[in-house]
$ cat entry_14.txt   # compact mmCIF, C-alpha atoms and all ligand atoms
# COMPACT_ATOMS: atom_id res chain seq x y z
CA MET V 1 -24.46 -15.01 -2.92
CA LEU V 2 -24.55 -12.89 0.18
CA PHE V 3 -21.75 -11.38 2.08
CA GLY V 4 -22.52 -12.24 5.63
CA LYS V 5 -20.79 -11.14 8.74
CA LYS V 6 -17.95 -13.51 8.48
CA LYS V 7 -14.46 -12.96 9.60
CA GLU V 8 -13.25 -9.65 8.35
CA ILE V 9 -9.99 -9.62 6.57
CA LYS V 10 -8.19 -6.38 6.80
CA PRO V 11 -6.19 -5.31 3.80
CA GLU V 12 -2.58 -4.41 4.19
CA ILE V 13 -2.07 -0.79 3.34
CA TYR V 14 0.85 0.10 1.17
CA SER V 15 2.35 3.34 0.07
CA GLU V 16 4.35 3.79 -3.05
CA ASP V 17 7.11 6.33 -3.14
CA THR V 18 8.55 7.68 -6.32
CA CYS V 19 11.99 9.18 -6.18
CA GLN V 20 12.16 12.51 -7.94
CA SER V 21 15.87 12.11 -8.55
CA CYS V 22 16.22 8.66 -10.02
CA GLY V 23 12.63 7.64 -10.63
CA GLU V 24 12.79 4.60 -8.41
CA ASN V 25 9.47 3.31 -7.18
CA THR V 26 9.41 1.87 -3.73
CA LYS V 27 6.49 -0.03 -2.35
CA ARG V 28 6.41 -0.05 1.39
CA GLN V 29 4.08 -0.43 4.29
CA PHE V 30 1.79 2.51 4.83
CA GLU V 31 2.76 4.74 7.68
CA GLU V 32 0.58 7.05 9.68
CA GLY V 33 0.57 10.45 8.07
CA ASP V 34 1.24 9.24 4.54
CA TYR V 35 -0.84 10.81 1.85
CA VAL V 36 -0.70 10.94 -1.91
CA TYR V 37 1.72 13.61 -3.07
CA GLY V 38 3.09 13.90 0.40
CA THR V 39 6.75 13.39 1.09
CA GLY V 40 7.93 9.82 0.94
CA LEU V 41 10.79 8.10 2.60
CA GLN V 42 14.38 8.45 1.58
CA CYS V 43 15.15 6.66 -1.65
CA LYS V 44 16.90 3.37 -1.09
CA LYS V 45 18.57 3.52 -4.41
CA CYS V 46 20.13 6.96 -4.54
CA SER V 47 19.57 8.13 -0.96
CA SER V 48 17.71 11.19 -2.12
CA SER V 49 15.07 12.43 0.24
CA ASN V 50 13.30 14.09 -2.66
CA THR V 51 10.58 11.48 -2.92
CA LEU V 52 6.86 11.68 -3.36
CA VAL V 53 4.13 9.33 -2.26
CA THR V 54 2.43 8.56 -5.54
CA ALA V 55 0.01 5.86 -4.49
CA ILE V 56 -1.63 4.46 -1.43
CA TYR V 57 -3.60 1.27 -1.71
CA GLY V 58 -4.80 -1.69 0.22
CA GLU V 59 -4.06 -5.25 -0.68
CA TYR V 60 -5.67 -8.26 0.78
CA PRO V 61 -3.33 -10.99 1.82
CA PRO V 62 -3.57 -14.15 -0.27
CA ASP V 63 -6.68 -15.92 0.93
CA ASP V 64 -6.16 -19.03 2.92
CA LYS V 65 -9.60 -20.36 2.34
CA SER V 66 -11.82 -20.91 -0.62
CA SER V 67 -14.14 -17.99 -0.15
CA SER V 68 -15.05 -16.03 -3.21
CA THR V 69 -13.13 -12.86 -3.73
CA ARG V 70 -14.30 -9.69 -5.28
CA ALA V 71 -12.49 -8.95 -8.47
ZN ZN P 101 16.40 7.73 -5.99

$ encode --input "entry_14.txt" --output "structure tokens" --more "lines below"
Ligand SMILES: [Zn+2]
Amino acid sequence: MLFGKKKEIKPEIYSEDTCQSCGENTKRQFEEGDYVYGTGLQCKKCSSSNTLVTAIYGEYPPDDKSSSTRA
């Protein structure tokens, strides 16, 4: 099983903010300049701006074809 040069699928990058006031986790689209333990966006739940980016990760969109995926 070889991984050839087929169509590249780019993962969507997400950032996860954790509110320091209410503990709410918010998953959102990654924005330029985000970094782990950087300042996140304003909390949607309690409107606090005291949020921290706690995770940044890429997710592949659900595959539309039957190619094998790496686990
Ligand atoms: Zn909050």

$ atom_distance --input "entry_14.txt" --atom1 "CA of Ser21 (chain V)" --atom2 "CA of Tyr35 (chain V)"
19.7 Å

$ atom_distance --input "entry_14.txt" --atom1 "CA of Gln20 (chain V)" --atom2 "CA of Gln42 (chain V)"
10.6 Å

$ closest_atom_pairs --input "entry_14.txt" --of "chain V" --to "ligand ZN 101 (chain P)" --cutoff "6 Å" --atoms "all atoms listed in the file" --output "CSV"
residue,atom,partner,partner_atom,distance
V:Cys19,CA,P:ZN101,ZN,4.6
V:Ser21,CA,P:ZN101,ZN,5.1
V:Cys22,CA,P:ZN101,ZN,4.1
V:Gly23,CA,P:ZN101,ZN,6.0
V:Glu24,CA,P:ZN101,ZN,5.4
V:Cys43,CA,P:ZN101,ZN,4.6
V:Lys45,CA,P:ZN101,ZN,5.0
V:Cys46,CA,P:ZN101,ZN,4.1
V:Ser47,CA,P:ZN101,ZN,6.0
V:Ser48,CA,P:ZN101,ZN,5.4

$ closest_residue --input "entry_14.txt" --among "V:Gly33, V:Asn25, V:Glu12, V:Lys44" --to "Tyr60 (chain V)" --atoms "all atoms listed in the file"
V:Glu12

$ closest_residue --input "entry_14.txt" --among "V:Glu16, V:Glu32, V:Pro11, V:Gly4" --to "Val53 (chain V)" --atoms "all atoms listed in the file"
V:Glu16

$ atom_distance --input "entry_14.txt" --atom1 "CA of Asn50 (chain V)" --atom2 "CA of Ile13 (chain V)"
22.2 Å

$ closest_residue --input "entry_14.txt" --among "V:Asp64, V:Thr18, V:Gly58, V:Glu8" --to "Gly40 (chain V)" --atoms "all atoms listed in the file"
V:Thr18

$ closest_residue --input "entry_14.txt" --among "V:Ser49, V:Pro62, V:Tyr57, V:Lys7" --to "Lys27 (chain V)" --atoms "only C-alpha atoms"
V:Tyr57

$ build_atoms --input "entry_14.txt" --residues "region 11-30 of chain V" --atoms "N, CA, C and O atoms" --output "short mmCIF file (atom, residue, chain, number, x, y, z; two decimals), in the frame of the given file"
data_model
loop_
_atom_site.label_atom_id
_atom_site.label_comp_id
_atom_site.auth_asym_id
_atom_site.auth_seq_id
_atom_site.Cartn_x
_atom_site.Cartn_y
_atom_site.Cartn_z
N PRO V 11 -7.24 -5.43 4.81
CA PRO V 11 -6.19 -5.31 3.80
C PRO V 11 -4.94 -4.69 4.40
O PRO V 11 -5.01 -3.91 5.34
N GLU V 12 -3.83 -5.09 3.84
CA GLU V 12 -2.58 -4.41 4.19
C GLU V 12 -2.55 -3.12 3.40
O GLU V 12 -2.89 -3.09 2.22
N ILE V 13 -2.15 -2.06 4.05
CA ILE V 13 -2.07 -0.79 3.34
C ILE V 13 -0.62 -0.52 2.94
O ILE V 13 0.30 -0.66 3.75
N TYR V 14 -0.48 -0.19 1.69
CA TYR V 14 0.85 0.10 1.17
C TYR V 14 0.92 1.52 0.62
O TYR V 14 -0.08 2.06 0.15
N SER V 15 2.09 2.06 0.71
CA SER V 15 2.35 3.34 0.07
C SER V 15 3.42 3.12 -0.99
O SER V 15 4.28 2.26 -0.85
N GLU V 16 3.33 3.89 -2.03
CA GLU V 16 4.35 3.79 -3.05
C GLU V 16 5.03 5.13 -3.19
O GLU V 16 4.39 6.14 -3.44
N ASP V 17 6.32 5.12 -3.00
CA ASP V 17 7.11 6.33 -3.14
C ASP V 17 7.75 6.37 -4.51
O ASP V 17 8.22 5.35 -5.00
N THR V 18 7.80 7.52 -5.08
CA THR V 18 8.55 7.68 -6.32
C THR V 18 9.65 8.70 -6.07
O THR V 18 9.40 9.82 -5.61
N CYS V 19 10.84 8.30 -6.36
CA CYS V 19 11.99 9.18 -6.18
C CYS V 19 12.02 10.20 -7.30
O CYS V 19 11.92 9.86 -8.47
N GLN V 20 12.14 11.46 -6.93
CA GLN V 20 12.16 12.51 -7.94
C GLN V 20 13.55 12.65 -8.58
O GLN V 20 13.71 13.32 -9.58
N SER V 21 14.52 12.01 -8.00
CA SER V 21 15.87 12.11 -8.55
C SER V 21 16.18 11.00 -9.53
O SER V 21 16.67 11.24 -10.61
N CYS V 22 15.85 9.78 -9.15
CA CYS V 22 16.22 8.66 -10.02
C CYS V 22 15.01 7.90 -10.55
O CYS V 22 15.14 7.03 -11.38
N GLY V 23 13.83 8.26 -10.09
CA GLY V 23 12.63 7.64 -10.63
C GLY V 23 12.29 6.29 -10.03
O GLY V 23 11.35 5.63 -10.48
N GLU V 24 13.03 5.90 -9.04
CA GLU V 24 12.79 4.60 -8.41
C GLU V 24 11.45 4.58 -7.69
O GLU V 24 11.09 5.52 -6.98
N ASN V 25 10.72 3.51 -7.91
CA ASN V 25 9.47 3.31 -7.18
C ASN V 25 9.70 2.35 -6.03
O ASN V 25 10.28 1.30 -6.22
N THR V 26 9.24 2.73 -4.88
CA THR V 26 9.41 1.87 -3.73
C THR V 26 8.06 1.61 -3.09
O THR V 26 7.36 2.52 -2.67
N LYS V 27 7.72 0.35 -3.03
CA LYS V 27 6.49 -0.03 -2.35
C LYS V 27 6.85 -0.38 -0.92
O LYS V 27 7.77 -1.12 -0.66
N ARG V 28 6.12 0.19 -0.02
CA ARG V 28 6.41 -0.05 1.39
C ARG V 28 5.12 -0.04 2.19
O ARG V 28 4.06 0.34 1.68
N GLN V 29 5.24 -0.44 3.41
CA GLN V 29 4.08 -0.43 4.29
C GLN V 29 3.63 1.01 4.56
O GLN V 29 4.46 1.89 4.75
N PHE V 30 2.34 1.19 4.54
CA PHE V 30 1.79 2.51 4.83
C PHE V 30 2.17 2.95 6.24
O PHE V 30 2.19 2.14 7.15
#
